[in-house]
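Remarks on the structure that follows.
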Amino acid sequence: MSDPLLSEEERMLQRTVREFADRELVPRARELDEAERFPWENLKGLASLGLMGLTVDPRYGGSGGGYRELAIATEEVARGCAGTSVCFIAHLSLGTSTIARFGTEGQKERFLPPLARGEELCAWALTEPGNGSDAAALQCTATPRGGRYLLNGAKTFITNGDLANTVVVFATQDPSLRHRGVGVFVVEKGSPGFTANPQHGKMGMRASSTAELVFDDCPVPAENRLGAEGEGFRIAMQVLDSSRIIIAAQSVGIGQAAFEAAVRYSQQRVTFGKPLAEHQAIQFMIADMATQLDAARLLVRRAATLKDQDLPHGQESAMAKLFASEAAHFACDRALQVHGGYGYFKESPVERHYRDQRVVEIYEGSSEVQRIVIARGVLKAMPV
Ligand SMILES: Cc1cc2nc3c(=O)[nH]c(=O)nc-3n(C[C@H](O)[C@H](O)[C@H](O)COP(=O)(O)OP(=O)(O)OC[C@H]3O[C@@H](n4cnc5c(N)ncnc54)[C@H](O)[C@@H]3O)c2cc1C
């Protein structure tokens, strides 16, 4: 698996996280899924490797590094336990990185160290019961009142929402202003008027916790606003542009886990007098899975490299997310097919990979939303 296109440091990071995932994440993944149990011990392990603060400046307790490193680490975490990878991504590439990128010096000094060291957990709340893809339609309000804001409204499907100490919340001064009215606020756990209710019954990613958040005249100090008034929507879109690279890496990791299970199974299971792997129809599935996952990995790496070089990467991250999430869908589907009836039962890891994979085509912008972003970019680049 040694990849000559990675630097020596990147290869070392990949090796370290893969060994950790094989040792710590893989053995627990099935039980966490079945019990719908939050993976605290896994996140603690990631923190001990410095991963919970990857990309965050060491001045604020982080480990530094860029999105190439974060993508490499995320792929390995997702290959080991997809549910753990969602908690990790919501904490780091959504929540913590919004503060790291858009916070003032004072805000970064105040909020980042416990998050970057993995002592506390972060969440990022944009989606509401009435709007997900159309984020500018958000209804949660932030009304300025005497040096603070009063938050009112609800958020839904928020990963880590009930467990995070720090929640980055998007709210508007006036819903009729759409994207121009949105601000972004750091809300601390225990704030009056803030409640979080876990949402149970997910198809996959069951080790992660997802919550509805309710704000009822919740006071937020003005110094907890990130960026200027009305800048929240732009901040959300910029964070999504980079975090989608990490969802794409997560997708590759889930697909890779399913692919490896399929290859192993095809070498053991005998039909018509020879291992499945010797039937050409099965070999073709293996070839297609391998090719799609590798192509996805290259798209992830291109988008991450652009991001690390401060070059425009919105279009490239949308392509990476779209392609990688669909490549993971294909890999999980084919892997289940290779397993036959055994793949349909919980004893087989591919049953879980198949369920875990499905949401990567939905969150942080569904496949339809990615196609809208990509088509808009293509049409803008080629005016009539
Ligand atoms: C497990 C999980 C974790 C999540 N974690 C978070 C989180 O941490 N923070 C957060 O803010 N959100 C989170 N989300 C929410 C997620 O980002 C949204 O579910 C997603 O953006 C889609 O929004 P929606 O569910 O409201 O679907 P809708 O926007 O209602 O869309 C429904 C369907 O219609 C399609 N569609 C919508 N508009 C168009 C259009 N113009 N053209 C074509 N098709 C269209 C969509 O692609 C989708 O297939 C999470 C969701 C899940 C399931």
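By convention here, the chains of the structure tokens are called A, B, ... in the order presented, each chain's residues are numbered starting at 1, and ligands are numbered starting at 1 in the order presented.
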Give me, as a tab-separated table, the closest atom pair and its distance (Å, one decimal) for every residue of region 97-207 of chain A within a cut-off of 8 Å of region 51-74 of chain A, counting only C-alpha atoms, rows sorted by chain and rising number.
```
residue	atom	partner	partner_atom	distance
A:Ser97	CA	A:Val56	CA	7.3
A:Ala100	CA	A:Val56	CA	6.6
A:Lys108	CA	A:Tyr60	CA	6.9
A:Glu109	CA	A:Tyr60	CA	6.2
A:Leu112	CA	A:Tyr60	CA	5.8
A:Pro113	CA	A:Gly61	CA	4.7
A:Pro114	CA	A:Gly61	CA	7.5
A:Leu115	CA	A:Gly53	CA	7.1
A:Ala116	CA	A:Gly53	CA	3.8
A:Arg117	CA	A:Gly61	CA	5.9
A:Gly118	CA	A:Met52	CA	5.2
```
If you run DSSP on this backbone, which residues of region 116-362 of chain A come out as strand (DSSP E), and could you give them as a compact mmCIF listing (two decimals) with C-alpha atoms, in the first residue's frame?
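Just written: part-v1.txt:
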```txt
# COMPACT_ATOMS: atom_id res chain seq x y z
CA CYS A 122 -16.87 20.53 18.84
CA ALA A 123 -20.02 20.51 16.67
CA TRP A 124 -21.18 22.60 13.70
CA ALA A 125 -24.85 23.47 13.31
CA THR A 141 -32.60 33.88 14.55
CA ALA A 142 -29.91 35.84 16.39
CA THR A 143 -31.36 39.08 17.70
CA PRO A 144 -28.89 41.70 19.02
CA ARG A 145 -29.84 42.77 22.54
CA ARG A 148 -25.25 39.99 23.22
CA TYR A 149 -27.45 38.01 20.84
CA LEU A 150 -30.55 36.03 21.71
CA LEU A 151 -30.74 32.82 19.71
CA ASN A 152 -34.13 31.31 18.89
CA GLY A 153 -34.93 28.33 16.70
CA ALA A 154 -33.87 24.74 16.07
CA LYS A 155 -31.15 22.78 14.31
CA THR A 156 -31.38 19.15 13.27
CA PHE A 157 -29.05 16.22 12.43
CA ILE A 158 -26.12 17.86 14.24
CA THR A 159 -23.23 15.42 14.67
CA THR A 166 -18.56 24.05 21.89
CA VAL A 167 -21.10 24.39 19.10
CA VAL A 168 -20.62 26.64 16.06
CA VAL A 169 -24.14 27.84 15.22
CA PHE A 170 -25.41 29.66 12.14
CA ALA A 171 -28.34 32.04 12.72
CA THR A 172 -29.85 35.03 10.95
CA VAL A 182 -26.53 35.08 8.46
CA GLY A 183 -24.04 35.26 11.34
CA VAL A 184 -22.02 32.54 13.04
CA PHE A 185 -21.75 32.16 16.81
CA VAL A 186 -19.87 30.00 19.29
CA VAL A 187 -22.37 28.59 21.78
CA GLU A 188 -21.05 26.91 24.89
CA PHE A 194 -29.93 25.77 24.92
CA THR A 195 -31.02 22.12 24.87
CA ALA A 196 -29.80 19.19 22.78
CA ASN A 197 -31.85 16.04 22.16
CA PRO A 198 -30.19 12.95 20.68
CA THR A 210 -26.70 13.08 16.03
CA ALA A 211 -28.86 15.64 17.80
CA GLU A 212 -31.57 18.22 17.48
CA LEU A 213 -30.59 21.54 19.08
CA VAL A 214 -33.19 23.96 20.45
CA PHE A 215 -32.49 27.61 21.28
CA ASP A 216 -35.05 29.43 23.37
CA ASP A 217 -33.89 33.00 24.07
CA CYS A 218 -30.37 31.62 24.44
CA PRO A 219 -28.00 34.54 25.22
CA VAL A 220 -24.69 34.54 23.34
CA PRO A 221 -22.10 37.22 24.16
CA ARG A 225 -19.59 35.99 17.03
CA LEU A 226 -17.09 34.74 14.43
CA VAL A 270 -14.88 -21.61 -3.49
CA THR A 271 -17.62 -22.02 -6.11
CA LYS A 274 -12.24 -22.68 -7.67
CA PRO A 275 -11.96 -19.54 -5.52
```
- request: Give as a PyMOL selection string the residues surrounding ligand 1 up to a distance of 7 Å, considering only C-alpha atoms and all ligand atoms.
  value: chain A and resi 90+123-127+129-134+156-160+202+205+210+359+362-369
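Taking CA of Glu120 (chain A) and CA of His91 (chain A) as the two end points, the separation is 9.2 Å.
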- request: May I have the residues within 12 Å of region 293-299 of chain A as a ChimeraX atom specification, using only C-alpha atoms and disregarding those fewer than 4 positions away in the same chain?
  value: /A:1,3,5-6,68,71-72,74-75,244-260,286-289,303-306,313,315-332
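Residues in contact range of Arg180 (chain A), defined as at most 10 Å between only C-alpha atoms, with sequence neighbours fewer than 2 positions away removed, read A:Ala136, A:Thr172, A:Gln173, A:Asp174, A:Pro175, A:Ser176, A:Leu177, A:Arg178, A:Val182, A:Gly183, A:Glu229, A:Gly230, A:Glu231, A:Gly232, A:Phe233, A:Arg234.
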Using only C-alpha atoms, which residues sit within 8 Å of Phe88 (chain A) once same-chain residues fewer than 4 positions away are excluded, as a short mmCIF file (atom, residue, chain, number, x, y, z; two decimals) with C-alpha atoms, in the first residue's frame?
```
data_model
loop_
_atom_site.label_atom_id
_atom_site.label_comp_id
_atom_site.auth_asym_id
_atom_site.auth_seq_id
_atom_site.Cartn_x
_atom_site.Cartn_y
_atom_site.Cartn_z
CA LEU A 43 -11.51 9.70 19.98
CA MET A 52 -7.92 15.93 16.96
CA THR A 84 -15.74 7.36 14.54
CA LEU A 92 -12.30 19.08 13.32
CA SER A 93 -12.93 19.95 9.70
#
```
- prompt: CA of Val77 (chain A) and CA of Arg264 (chain A), how far apart in Å?
  reply: 20.1 Å
- request: For each of A:Gly204, A:Met237, A:Glu8, A:Asn224, take the minimum atom-to-atom distance to Gly106 (chain A), counting only C-alpha atoms, then give the residue where this is smallest.
  value: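 Among the listed residues, A:Asn224 lies closest to Gly106 (chain A).
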